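Chemist: Below is the file model-v6.csv, with CSV, C-alpha atoms and all ligand atoms.
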```csv
chain,number,residue,atom,x,y,z
A,30,MET,CA,-8.9,-211.7,-53.7
A,31,ASP,CA,-7.5,-215.0,-54.9
A,32,GLY,CA,-7.9,-217.8,-52.4
A,33,LYS,CA,-9.8,-221.1,-52.0
A,34,CYS,CA,-13.2,-221.4,-53.5
A,35,ARG,CA,-15.9,-221.8,-50.8
A,36,PHE,CA,-18.1,-223.9,-53.0
A,37,CYS,CA,-15.9,-226.8,-54.1
A,38,GLN,CA,-12.8,-228.6,-53.1
A,39,GLY,CA,-9.7,-227.3,-54.7
A,40,GLY,CA,-11.0,-224.5,-56.9
A,41,VAL,CA,-9.0,-221.3,-57.0
A,42,ALA,CA,-11.2,-218.3,-56.3
A,43,ARG,CA,-10.9,-215.4,-58.7
A,44,SER,CA,-12.1,-211.9,-57.7
A,45,LYS,CA,-14.3,-211.6,-60.8
A,46,SER,CA,-16.0,-214.9,-60.0
A,47,GLY,CA,-16.8,-214.0,-56.4
A,48,LEU,CA,-20.5,-214.3,-55.4
A,49,LYS,CA,-21.8,-211.0,-54.1
A,50,VAL,CA,-24.4,-211.5,-51.4
A,51,LYS,CA,-26.7,-208.7,-50.3
A,52,LEU,CA,-27.6,-208.5,-46.6
A,53,VAL,CA,-30.1,-206.2,-45.0
A,54,GLY,CA,-29.9,-204.8,-41.5
A,55,GLU,CA,-32.0,-202.7,-39.2
A,56,TRP,CA,-34.8,-200.4,-40.4
A,57,ARG,CA,-33.8,-196.8,-40.0
A,58,THR,CA,-36.2,-193.9,-40.1
A,59,TYR,CA,-35.1,-190.7,-41.8
A,60,GLY,CA,-37.9,-188.1,-41.3
A,61,THR,CA,-40.9,-189.6,-43.0
A,62,LYS,CA,-39.2,-192.5,-44.8
A,63,SER,CA,-37.6,-195.7,-43.5
A,64,GLU,CA,-34.9,-197.7,-45.2
A,65,ARG,CA,-32.8,-200.7,-44.2
A,66,ASP,CA,-29.1,-200.7,-44.0
A,67,VAL,CA,-27.6,-202.7,-46.8
A,68,THR,CA,-24.2,-204.5,-47.0
A,69,PHE,CA,-22.5,-206.8,-49.5
A,70,VAL,CA,-20.3,-209.7,-48.8
A,71,VAL,CA,-18.3,-211.4,-51.5
A,72,VAL,CA,-18.0,-215.1,-51.1
A,73,PRO,CA,-14.8,-216.4,-52.8
A,74,ARG,CA,-15.7,-218.6,-55.8
A,75,CYS,CA,-13.9,-220.1,-58.7
A,76,PRO,CA,-15.0,-219.7,-62.4
A,77,THR,CA,-16.2,-223.3,-62.7
A,78,CYS,CA,-18.5,-222.9,-59.7
A,79,LYS,CA,-19.7,-219.6,-61.1
A,80,ARG,CA,-20.8,-221.3,-64.3
A,81,ALA,CA,-22.5,-224.1,-62.3
A,82,HIS,CA,-24.4,-221.6,-60.1
A,83,LEU,CA,-25.5,-219.6,-63.2
A,84,ARG,CA,-27.3,-222.7,-64.4
A,85,VAL,CA,-29.2,-222.9,-61.1
A,86,LYS,CA,-30.2,-219.3,-61.6
A,87,VAL,CA,-31.4,-219.9,-65.1
A,88,LEU,CA,-33.4,-223.0,-64.1
A,89,GLU,CA,-34.9,-220.9,-61.2
A,90,ALA,CA,-36.0,-218.3,-63.7
A,91,ILE,CA,-37.5,-220.9,-66.1
A,92,GLY,CA,-39.3,-222.4,-63.1
A,93,GLY,CA,-40.8,-219.0,-62.3
A,94,VAL,CA,-41.9,-218.5,-65.9
A,95,CYS,CA,-43.6,-222.0,-65.9
A,96,GLY,CA,-45.2,-221.0,-62.6
A,97,ILE,CA,-46.7,-217.9,-64.3
A,98,ALA,CA,-48.0,-220.0,-67.2
A,99,VAL,CA,-49.6,-222.4,-64.8
A,100,SER,CA,-51.2,-219.7,-62.7
A,101,ILE,CA,-52.9,-217.9,-65.6
A,102,PRO,CA,-55.8,-220.5,-65.9
A,103,VAL,CA,-56.2,-220.4,-62.1
A,104,ILE,CA,-56.3,-216.6,-62.2
A,105,MET,CA,-58.9,-216.6,-65.1
A,106,ARG,CA,-61.0,-219.0,-63.0
A,107,ILE,CA,-60.9,-216.7,-60.0
A,108,GLY,CA,-61.5,-213.7,-62.2
A,109,HIS,CA,-64.7,-215.3,-63.6
A,110,SER,CA,-66.1,-216.4,-60.3
A,111,GLY,CA,-68.9,-214.5,-58.8
A,112,MET,CA,-66.8,-213.1,-56.0
A,113,ALA,CA,-66.6,-209.4,-54.9
A,114,ASP,CA,-63.7,-207.4,-56.4
A,115,PHE,CA,-61.7,-207.0,-53.3
A,116,PRO,CA,-61.2,-210.6,-52.2
A,117,LYS,CA,-60.8,-211.5,-55.9
A,118,VAL,CA,-57.8,-209.2,-56.3
A,119,VAL,CA,-56.2,-210.5,-53.1
A,120,LEU,CA,-56.7,-214.1,-54.2
A,121,ILE,CA,-55.2,-213.4,-57.6
A,122,ILE,CA,-52.1,-211.9,-56.1
A,123,LEU,CA,-51.8,-214.7,-53.7
A,124,ALA,CA,-52.2,-217.3,-56.4
A,125,LEU,CA,-49.6,-215.6,-58.6
A,126,CYS,CA,-47.1,-215.3,-55.8
A,127,LEU,CA,-47.6,-218.9,-54.6
A,128,ILE,CA,-47.5,-220.6,-58.0
A,129,THR,CA,-44.6,-218.5,-59.3
A,130,GLY,CA,-42.7,-219.0,-56.1
A,131,MET,CA,-43.3,-222.8,-56.2
A,132,GLY,CA,-42.1,-222.9,-59.9
A,133,ALA,CA,-38.9,-221.0,-58.9
A,134,PHE,CA,-38.4,-223.2,-56.0
A,135,PHE,CA,-38.6,-226.4,-58.0
A,136,GLY,CA,-36.5,-224.9,-60.8
A,137,GLN,CA,-33.9,-224.1,-58.2
A,138,ALA,CA,-34.1,-227.5,-56.6
A,139,ILE,CA,-33.6,-229.2,-60.0
A,140,GLY,CA,-30.7,-226.8,-60.8
A,141,GLU,CA,-29.0,-227.6,-57.4
A,142,SER,CA,-29.4,-231.3,-58.0
A,143,LEU,CA,-27.5,-230.9,-61.3
A,144,LEU,CA,-24.5,-229.2,-59.7
A,145,PRO,CA,-21.3,-231.1,-60.3
A,146,ARG,CA,-20.3,-233.5,-57.6
A,147,GLY,CA,-18.8,-231.8,-54.6
A,148,VAL,CA,-20.1,-228.4,-55.6
A,149,VAL,CA,-22.5,-226.7,-53.2
A,150,TYR,CA,-24.4,-223.5,-53.4
A,151,LYS,CA,-26.5,-222.0,-50.7
A,152,SER,CA,-25.1,-224.1,-47.8
A,153,ALA,CA,-21.7,-222.5,-48.5
A,154,ILE,CA,-23.1,-219.0,-48.4
A,155,GLU,CA,-24.8,-219.7,-45.1
A,156,LYS,CA,-21.6,-221.1,-43.6
A,157,TYR,CA,-19.2,-218.4,-44.9
A,158,PRO,CA,-17.8,-216.9,-41.6
A,159,PRO,CA,-18.2,-213.2,-42.4
A,160,ILE,CA,-21.8,-213.9,-43.3
A,161,VAL,CA,-22.4,-216.0,-40.2
A,162,SER,CA,-21.1,-213.2,-37.9
A,163,LEU,CA,-23.3,-210.6,-39.7
A,164,ILE,CA,-26.4,-212.9,-39.3
A,165,GLU,CA,-25.5,-213.2,-35.6
A,166,GLN,CA,-25.5,-209.4,-35.4
A,167,GLY,CA,-29.0,-209.3,-36.7
A,168,TRP,CA,-28.4,-208.9,-40.4
A,169,ASP,CA,-30.6,-211.0,-42.8
A,170,PHE,CA,-30.6,-212.1,-46.4
A,171,GLU,CA,-32.7,-209.8,-48.6
A,172,HIS,CA,-35.2,-212.5,-49.6
A,173,TRP,CA,-36.7,-215.2,-47.5
A,174,GLY,CA,-35.0,-218.5,-48.1
A,175,GLY,CA,-31.7,-217.0,-48.8
A,176,PRO,CA,-30.1,-214.9,-51.6
A,201,ZN,ZN,-15.3,-223.8,-57.0
```
Is it possible to give me this structure as structure tokens?
Ligand SMILES: [Zn+2]
Modeler:
Amino acid sequence: MDGKCRFCQGGVARSKSGLKVKLVGEWRTYGTKSERDVTFVVVPRCPTCKRAHLRVKVLEAIGGVCGIAVSIPVIMRIGHSGMADFPKVVLIILALCLITGMGAFFGQAIGESLLPRGVVYKSAIEKYPPIVSLIEQGWDFEHWGGP
């Protein structure tokens, strides 16, 4: 699958550098369980962009870990408040998701801002024609905010 890299100008895509994007479709029910259709699209990418994107992923993970560290004192405070157990647990889960998510978001934003000039990340995924047509058919990225 050699061709033009979708993330930069002039990079030559290599099959082992391609970015595999997971898309989910309709919910289907089989007897008592439901699952979603899953499909993968490989976006052509060159080895240089793959390395640059990996840095974004690493920073996103670091951001998430920092978020967890920040949320611990918040959770301790909720834990020690005089609240009943049920809203307490809900609040703790919400705080954890929110703060970790924000950490990951900022880590990713910093990572994207450090991409080499002319290299894009998510915008190229969203514009890749095979993905665009799947989205039009009702498929969606697995996580909110893209892959
Ligand atoms: Zn490239």
Chemist: Write out as a PDB file with C-alpha atoms, in the frame of the given file the residues lying within 9 Å of Val70 in chain A, counting only C-alpha atoms and excluding same-chain residues fewer than 5 positions away.
Modeler:
```pdb
ATOM      1  CA  LEU A  48     -20.500-214.300 -55.400  1.00  0.00           C
ATOM      2  CA  LYS A  49     -21.800-211.000 -54.100  1.00  0.00           C
ATOM      3  CA  VAL A  50     -24.400-211.500 -51.400  1.00  0.00           C
ATOM      4  CA  LYS A  51     -26.700-208.700 -50.300  1.00  0.00           C
ATOM      5  CA  LEU A  52     -27.600-208.500 -46.600  1.00  0.00           C
ATOM      6  CA  PRO A 159     -18.200-213.200 -42.400  1.00  0.00           C
ATOM      7  CA  ILE A 160     -21.800-213.900 -43.300  1.00  0.00           C
TER       8      ILE A 160
END
```
Chemist: For the atom pair CA of Ile104 in chain A and CA of Ile91 in chain A, what is the interatomic distance in Å to one decimal place?
Modeler: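 Computing the Euclidean distance for CA of Ile104 in chain A and CA of Ile91 in chain A yields 19.7 Å.
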Chemist: If you measure from CA of Ser100 in chain A to CA of Phe170 in chain A, what distance in Å do you get, rounded to one decimal?
Modeler: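 The value is 27.3 Å.
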Chemist: Show which residues sit within 8 Å of Cys37 in chain A, as an mmCIF file with C-alpha atoms, in the frame of the given file. Count all atoms listed in the file, and ignore same-chain residues fewer than 6 positions away.
Modeler:
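See around-v3.cif below for the written result:
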```cif
data_model
loop_
_atom_site.group_PDB
_atom_site.id
_atom_site.type_symbol
_atom_site.label_atom_id
_atom_site.label_comp_id
_atom_site.auth_asym_id
_atom_site.auth_seq_id
_atom_site.Cartn_x
_atom_site.Cartn_y
_atom_site.Cartn_z
ATOM 1 C CA CYS A 78 -18.500 -222.900 -59.700
ATOM 2 C CA GLY A 147 -18.800 -231.800 -54.600
ATOM 3 C CA VAL A 148 -20.100 -228.400 -55.600
ATOM 4 C CA VAL A 149 -22.500 -226.700 -53.200
#
```
Chemist: Using only C-alpha atoms and all ligand atoms, what are the residues with an atom within 6 Å of ligand ZN 201 (chain A), set out as a list of chain:residue names?
Modeler: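 So the residues close to ligand ZN 201 (chain A) are A:Cys34, A:Phe36, A:Cys37, A:Gly40, A:Arg74, A:Cys75, A:Thr77, A:Cys78.
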Chemist: Do a neighbour search on Arg84 in chain A at 9 Å with all atoms listed in the file, toss out local chain neighbours closer than 6 positions, and write the hits as number ranges by chain.
Modeler: A: 140-141, 143-144
Chemist: Looking at A:Lys33, A:Gly47, A:Arg146, A:Cys126, which one is nearest to Val72 in chain A, with distances taken over only C-alpha atoms?
Modeler: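 The answer is A:Gly47, which sits nearest to Val72 in chain A.
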Chemist: Nearest to Gly136 in chain A: which of A:Lys86, A:Lys45, A:Arg57, A:Lys62 is it, counting all atoms listed in the file?
Modeler: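 The closest residue to Gly136 in chain A is A:Lys86.
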Chemist: Using all atoms listed in the file, find the one residue out of A:Asp114, A:Val161, A:Ala124, A:Gly60 that sits nearest to Pro102 in chain A.
Modeler: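 Of all the options, A:Ala124 lies closest to Pro102 in chain A.
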Chemist: Enumerate, as a PyMOL selection string, the protein, DNA and RNA residues whose atoms approach (-13.0, -207.9, -57.6) to within 10 Å, taking into account only C-alpha atoms and the coordinate frame of the file.
Modeler: chain A and resi 30-31+43-47+49+71+73
